[in-house]
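Worksheet for the structure shown next.
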Amino acid sequence: MARAMTVAGVMSGTSADGVDVALVRIRPGARTPKIKLLAHQGVAYPAALRKAVLAAMNAPRTSTAELARLNWRLGMAYSEAVRAALQKHSVELDLIGCHGQTIYHQAKAASYVGRQVACTWQIGEPALIAREIGVPVVSNFRPADMAAGGEGAPLVPLLDFVLFAHPKRARILQNIGGIGNLTAIPAGASADKLIAFDTGPGNMVIDALAARLFGKKYDRDGKIAARGRVLDGVLGPLLREPYFRKAPPKSAGREQFGSDFAAEFLRSCKRAGGGPEDAIATATALTVESIVLACERFVHPLIGESRADFILSGGGSRNRTLMNMLRQRLGPRGHNVMVSDDAGLPSQAKEAVAFALLAWPTWHLLPGHVPAATGALKPAILGEISYV
Ligand SMILES: Nc1ncnc2c1ncn2[C@@H]1O[C@H](COP(=O)(O)OP(=O)(O)O)[C@@H](O)[C@H]1O
Ligand SMILES: [Mg+2]
């Protein structure tokens, strides 16, 4: 019998900016669990840790010692982030759901040592977190979905469905983290009718160019992009890339839109005569146009003529230039573009809340993924549990 629990969700995404912690009360409900966000808090990675994480992600070269140490070092960072949240917001915790840091994600099988292999790897030692905080930790959520034939992503659609499915309104939930991902739920639909997939780059290319061209972590509030001009000659061909046209399920990461992509993107901008601001404006437009394309190709056929609430979350929702471009492009379609704060969920907390929610079914031996989203052929109980 499922029971009410207070769960900490711990998320660190592909931006490698830091750790978000959400403290969530979850209790059984009639159709879906009921959730209440008690508090949330983000902690930036120390600069040296961010550097180590970025160096390990999709690294062409690293060492086993480096990865083993980083696994433990991240376990410490996650423990500290949870402890800091608990010091500020005193709650009695029952369970932790920790996503970990993805260092490699390859959703589609490719030939390797005589077999077709797909794989995914999230690190951040959960045994350490369980010991430090004194409650069990659910971690390593993605492999069980992949073993069941899914892409291992996206996993946030469970939360999207629980919080946002609406009897009369179509809802599109767009998160803009390092990667952009979307969940579309037609009005009155059951979970097996939703679609969800990664739309392409979110902030990842913008961040890479902001670092390279301006020595900044990101384009704060979209101010640099606002001064630039979108290079249509660069954007057009990129939008014809197969990833954007491919039907879901599909998922992406630094493997597709990481440093190699950013370097090639910058070369194209220079060839087109663009300056640094123009490159950032064009990267911002790439995020926006890949989302618009995703809506046109995959979401609008699903929701028909209905207008949707288009609800944004993730750090990218703070980029004003990106938000303005999205409003300009989606407003005319009649969609009501808003940030998830206006829909009752703090935008920066969303993915951390999702991993608190995902830990709860695992603890009760229930599946937590939405097979319609990941493409899994069978339901699967996600993750592993580290006990105290
Ligand atoms: N004020 C802001 N203006 C523009 N971009 C921002 C702002 N705050 C955060 N971001 C962007 O959001 C990213 C972090 O978003 P997040 O949702 O944590 O992504 P992830 O899940 O990949 O870690 C940063 O790297 C940055 O690109
Ligand atoms: Mg983050």
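Every chain in the structure tokens has a letter given in the order shown (A, B, ...), and although residue numbers restart at 1 in each chain, ligands are simply numbered from 1 in the order shown.
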Backbone DSSP call of strand (DSSP E or B) for stretch 265-375 of chain A, listed as a list of chain:residue names: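 Selection result, strand (DSSP E or B) within stretch 265-375 of chain A: A:Ala308, A:Asp309, A:Phe310, A:Ile311, A:Leu312, A:Ser313, A:Asn336, A:Val337, A:Met338, A:Val339.
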Keeping only N, CA, C and O atoms, write the selected residues to a file as a compact mmCIF listing (two decimals), in the first residue's frame.
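And here's again_2.txt as it stands now:
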```
# COMPACT_ATOMS: atom_id res chain seq x y z
N ALA A 308 -3.26 25.89 -26.90
CA ALA A 308 -2.71 25.24 -25.71
C ALA A 308 -2.17 26.27 -24.73
O ALA A 308 -1.80 27.38 -25.12
N ASP A 309 -2.09 25.88 -23.46
CA ASP A 309 -1.27 26.61 -22.52
C ASP A 309 0.15 26.12 -22.76
O ASP A 309 0.41 24.91 -22.67
N PHE A 310 1.03 27.04 -23.09
CA PHE A 310 2.43 26.68 -23.38
C PHE A 310 3.24 27.11 -22.16
O PHE A 310 3.47 28.31 -21.94
N ILE A 311 3.65 26.14 -21.34
CA ILE A 311 4.18 26.46 -20.01
C ILE A 311 5.69 26.18 -19.96
O ILE A 311 6.11 25.04 -20.12
N LEU A 312 6.47 27.25 -19.76
CA LEU A 312 7.93 27.12 -19.81
C LEU A 312 8.56 26.96 -18.44
O LEU A 312 8.10 27.56 -17.47
N SER A 313 9.62 26.19 -18.40
CA SER A 313 10.38 26.03 -17.15
C SER A 313 11.86 25.91 -17.49
O SER A 313 12.25 25.88 -18.66
N ASN A 336 -1.14 30.18 -25.32
CA ASN A 336 -0.98 31.08 -24.19
C ASN A 336 0.38 30.79 -23.56
O ASN A 336 0.52 29.82 -22.82
N VAL A 337 1.39 31.60 -23.90
CA VAL A 337 2.76 31.32 -23.45
C VAL A 337 2.98 31.90 -22.05
O VAL A 337 2.78 33.09 -21.83
N MET A 338 3.39 31.04 -21.11
CA MET A 338 3.62 31.51 -19.73
C MET A 338 4.77 30.73 -19.11
O MET A 338 5.19 29.70 -19.65
N VAL A 339 5.28 31.22 -17.98
CA VAL A 339 6.28 30.43 -17.26
C VAL A 339 5.59 29.62 -16.18
O VAL A 339 4.51 30.01 -15.72
```
Nearby polymer residues, ligand 1, at most 8 Å, only C-alpha atoms and all ligand atoms, as a PyMOL selection string: chain A and resi 11-20+175-179+202-204+206-207+217-222+313-320+348+351
Next, write the just-selected residues to a file, as a tab-separated table (two decimals), in the first residue's frame, keeping N, CA, C and O atoms as the atom set.
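Heads up, here's the output in selection-v2.tsv:
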```
chain	number	residue	atom	x	y	z
A	11	MET	N	18.42	17.31	-8.61
A	11	MET	CA	18.63	17.31	-10.05
A	11	MET	C	19.85	18.13	-10.43
A	11	MET	O	20.05	19.23	-9.92
A	12	SER	N	20.67	17.59	-11.30
A	12	SER	CA	21.73	18.40	-11.92
A	12	SER	C	21.71	18.05	-13.40
A	12	SER	O	21.92	16.90	-13.79
A	13	GLY	N	21.41	19.04	-14.20
A	13	GLY	CA	21.17	18.80	-15.62
A	13	GLY	C	22.40	18.96	-16.48
A	13	GLY	O	23.52	19.16	-15.97
A	14	THR	N	22.18	18.90	-17.80
A	14	THR	CA	23.31	18.94	-18.74
A	14	THR	C	24.01	20.29	-18.78
A	14	THR	O	25.11	20.39	-19.31
A	15	SER	N	23.39	21.35	-18.22
A	15	SER	CA	24.08	22.63	-18.18
A	15	SER	C	25.28	22.57	-17.25
A	15	SER	O	26.18	23.40	-17.35
A	16	ALA	N	25.27	21.62	-16.30
A	16	ALA	CA	26.34	21.49	-15.30
A	16	ALA	C	26.51	22.78	-14.52
A	16	ALA	O	27.62	23.17	-14.17
A	17	ASP	N	25.40	23.48	-14.27
A	17	ASP	CA	25.48	24.73	-13.52
A	17	ASP	C	25.45	24.47	-12.02
A	17	ASP	O	25.92	25.30	-11.24
A	18	GLY	N	24.87	23.37	-11.59
A	18	GLY	CA	24.80	23.09	-10.17
A	18	GLY	C	23.71	22.11	-9.85
A	18	GLY	O	23.31	21.32	-10.71
A	19	VAL	N	23.24	22.16	-8.61
A	19	VAL	CA	22.29	21.17	-8.10
A	19	VAL	C	21.02	21.88	-7.65
A	19	VAL	O	21.09	22.87	-6.91
A	20	ASP	N	19.88	21.39	-8.09
A	20	ASP	CA	18.60	21.88	-7.59
A	20	ASP	C	18.01	20.83	-6.67
A	20	ASP	O	17.99	19.64	-7.00
A	175	ASN	N	10.54	22.54	-21.15
A	175	ASN	CA	11.64	22.87	-20.24
A	175	ASN	C	12.84	23.30	-21.10
A	175	ASN	O	13.14	22.67	-22.10
A	176	ILE	N	13.49	24.37	-20.67
A	176	ILE	CA	14.71	24.80	-21.36
A	176	ILE	C	15.86	24.76	-20.38
A	176	ILE	O	16.12	25.70	-19.64
A	177	GLY	N	16.52	23.60	-20.33
A	177	GLY	CA	17.76	23.45	-19.58
A	177	GLY	C	18.88	23.47	-20.60
A	177	GLY	O	18.78	24.14	-21.63
A	178	GLY	N	19.94	22.69	-20.37
A	178	GLY	CA	20.98	22.58	-21.38
A	178	GLY	C	20.37	22.14	-22.70
A	178	GLY	O	20.64	22.67	-23.77
A	179	ILE	N	19.50	21.15	-22.58
A	179	ILE	CA	18.71	20.63	-23.72
A	179	ILE	C	17.27	21.10	-23.52
A	179	ILE	O	16.83	21.32	-22.40
A	202	GLY	N	18.86	23.60	-25.71
A	202	GLY	CA	18.14	24.59	-24.91
A	202	GLY	C	19.09	25.77	-24.73
A	202	GLY	O	19.20	26.64	-25.59
A	203	ASN	N	19.84	25.74	-23.62
A	203	ASN	CA	20.84	26.80	-23.37
A	203	ASN	C	22.25	26.37	-23.76
A	203	ASN	O	23.19	27.16	-23.65
A	204	MET	N	22.40	25.12	-24.16
A	204	MET	CA	23.74	24.54	-24.26
A	204	MET	C	24.65	25.28	-25.25
A	204	MET	O	25.80	25.57	-24.95
A	206	ILE	N	24.07	28.37	-26.50
A	206	ILE	CA	24.19	29.76	-26.03
A	206	ILE	C	25.28	29.85	-24.95
A	206	ILE	O	26.14	30.73	-24.99
A	207	ASP	N	25.24	28.93	-23.98
A	207	ASP	CA	26.24	28.94	-22.90
A	207	ASP	C	27.65	28.77	-23.45
A	207	ASP	O	28.58	29.46	-23.03
A	217	LYS	N	29.36	32.76	-18.08
A	217	LYS	CA	28.75	31.43	-17.93
A	217	LYS	C	27.53	31.29	-18.83
A	217	LYS	O	27.26	30.23	-19.36
A	218	TYR	N	26.78	32.36	-18.96
A	218	TYR	CA	25.60	32.34	-19.83
A	218	TYR	C	25.22	33.76	-20.21
A	218	TYR	O	25.78	34.72	-19.67
A	219	ASP	N	24.27	33.89	-21.12
A	219	ASP	CA	23.82	35.21	-21.59
A	219	ASP	C	22.71	35.69	-20.66
A	219	ASP	O	21.53	35.47	-20.92
A	220	ARG	N	23.12	36.34	-19.57
A	220	ARG	CA	22.16	36.71	-18.53
A	220	ARG	C	21.01	37.57	-19.10
A	220	ARG	O	21.25	38.58	-19.75
A	221	ASP	N	19.81	37.11	-18.86
A	221	ASP	CA	18.57	37.78	-19.31
A	221	ASP	C	18.49	37.95	-20.83
A	221	ASP	O	17.63	38.68	-21.32
A	222	GLY	N	19.39	37.30	-21.55
A	222	GLY	CA	19.36	37.39	-23.01
A	222	GLY	C	19.85	38.74	-23.53
A	222	GLY	O	19.54	39.14	-24.66
A	313	SER	N	9.62	26.19	-18.40
A	313	SER	CA	10.38	26.03	-17.15
A	313	SER	C	11.86	25.91	-17.49
A	313	SER	O	12.25	25.88	-18.66
A	314	GLY	N	12.69	25.81	-16.45
A	314	GLY	CA	14.14	25.69	-16.64
A	314	GLY	C	14.79	27.06	-16.74
A	314	GLY	O	14.10	28.09	-16.90
A	315	GLY	N	16.11	27.07	-16.63
A	315	GLY	CA	16.85	28.33	-16.62
A	315	GLY	C	16.62	29.19	-17.85
A	315	GLY	O	16.68	30.42	-17.78
A	316	GLY	N	16.35	28.57	-18.99
A	316	GLY	CA	16.13	29.31	-20.23
A	316	GLY	C	14.92	30.21	-20.18
A	316	GLY	O	14.82	31.18	-20.95
A	317	SER	N	13.98	29.91	-19.27
A	317	SER	CA	12.79	30.76	-19.18
A	317	SER	C	13.14	32.12	-18.58
A	317	SER	O	12.32	33.03	-18.57
A	318	ARG	N	14.38	32.28	-18.09
A	318	ARG	CA	14.81	33.59	-17.58
A	318	ARG	C	15.49	34.43	-18.66
A	318	ARG	O	15.86	35.57	-18.42
A	319	ASN	N	15.68	33.83	-19.82
A	319	ASN	CA	16.32	34.54	-20.93
A	319	ASN	C	15.24	35.33	-21.68
A	319	ASN	O	14.43	34.77	-22.41
A	320	ARG	N	15.23	36.65	-21.46
A	320	ARG	CA	14.12	37.47	-21.98
A	320	ARG	C	14.06	37.48	-23.50
A	320	ARG	O	12.98	37.48	-24.08
A	348	GLN	N	12.38	26.91	-11.72
A	348	GLN	CA	13.71	26.33	-11.47
A	348	GLN	C	13.61	25.03	-10.66
A	348	GLN	O	14.55	24.25	-10.61
A	351	GLU	N	12.37	20.20	-12.42
A	351	GLU	CA	12.99	18.89	-12.66
A	351	GLU	C	13.37	18.21	-11.34
A	351	GLU	O	13.31	16.98	-11.24
```
Minimum-distance residue to A:Ile123, chosen among A:Phe244, A:Phe214, A:Trp72, A:Phe164 (using only C-alpha atoms):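 For A:Ile123, the nearest of the candidates is A:Trp72.
Atom CA of A:Gly258 sits 8.3 Å away from atom CA of A:Asn58.
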Test item, alpha helix (DSSP H) assignment across stretch 121-342 of chain A, answer as a PyMOL selection string: chain A and resi 126-133+142-147+157-164+204-214+223-227+232-239+242-245+254-257+259-271+276-294+300-303+320-330
Surrounding residues of stretch 364-381 of chain A excluding itself and chain neighbours under 2 positions, 10 Å, only C-alpha atoms, as a count of residues only: 47
Residue nearest A:Arg131 among A:Gly100, A:Gly275, A:Gly75, A:Gly253 (counting only C-alpha atoms):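 Looking at the shortest contact to A:Arg131, the residue is A:Gly75.
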Test item: residues at most 8 Å from stretch 265-268 of chain A, only C-alpha atoms, excluding those fewer than 5 positions along its chain, as a PyMOL selection string: chain A and resi 209+234+279
Suppose we keep all heavy atoms; can you now write the selection as a PDB file, in the first residue's frame?
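New file result-v8.pdb:
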```
ATOM      1  N   LEU A 209      28.829  29.498 -26.369  1.00  0.00           N
ATOM      2  CA  LEU A 209      29.284  30.694 -27.086  1.00  0.00           C
ATOM      3  C   LEU A 209      29.508  31.860 -26.122  1.00  0.00           C
ATOM      4  O   LEU A 209      30.450  32.645 -26.297  1.00  0.00           O
ATOM      5  CB  LEU A 209      28.263  31.098 -28.158  1.00  0.00           C
ATOM      6  CG  LEU A 209      28.025  30.069 -29.275  1.00  0.00           C
ATOM      7  CD1 LEU A 209      27.000  30.596 -30.254  1.00  0.00           C
ATOM      8  CD2 LEU A 209      29.316  29.738 -30.003  1.00  0.00           C
ATOM      9  N   VAL A 234      22.604  30.871 -41.536  1.00  0.00           N
ATOM     10  CA  VAL A 234      23.165  29.818 -40.672  1.00  0.00           C
ATOM     11  C   VAL A 234      22.024  28.958 -40.119  1.00  0.00           C
ATOM     12  O   VAL A 234      22.094  27.731 -40.060  1.00  0.00           O
ATOM     13  CB  VAL A 234      23.970  30.448 -39.510  1.00  0.00           C
ATOM     14  CG1 VAL A 234      24.434  29.388 -38.521  1.00  0.00           C
ATOM     15  CG2 VAL A 234      25.156  31.232 -40.064  1.00  0.00           C
ATOM     16  N   ALA A 279      26.184  35.744 -33.281  1.00  0.00           N
ATOM     17  CA  ALA A 279      26.277  34.294 -33.050  1.00  0.00           C
ATOM     18  C   ALA A 279      25.365  33.895 -31.895  1.00  0.00           C
ATOM     19  O   ALA A 279      24.646  32.891 -31.960  1.00  0.00           O
ATOM     20  CB  ALA A 279      27.732  33.908 -32.755  1.00  0.00           C
TER      21      ALA A 279
END
```
Long-range neighbours of A:Thr120 as a ChimeraX atom specification, 7 Å cut-off, only C-alpha atoms, 4 positions minimum in chain: /A:104-106,143
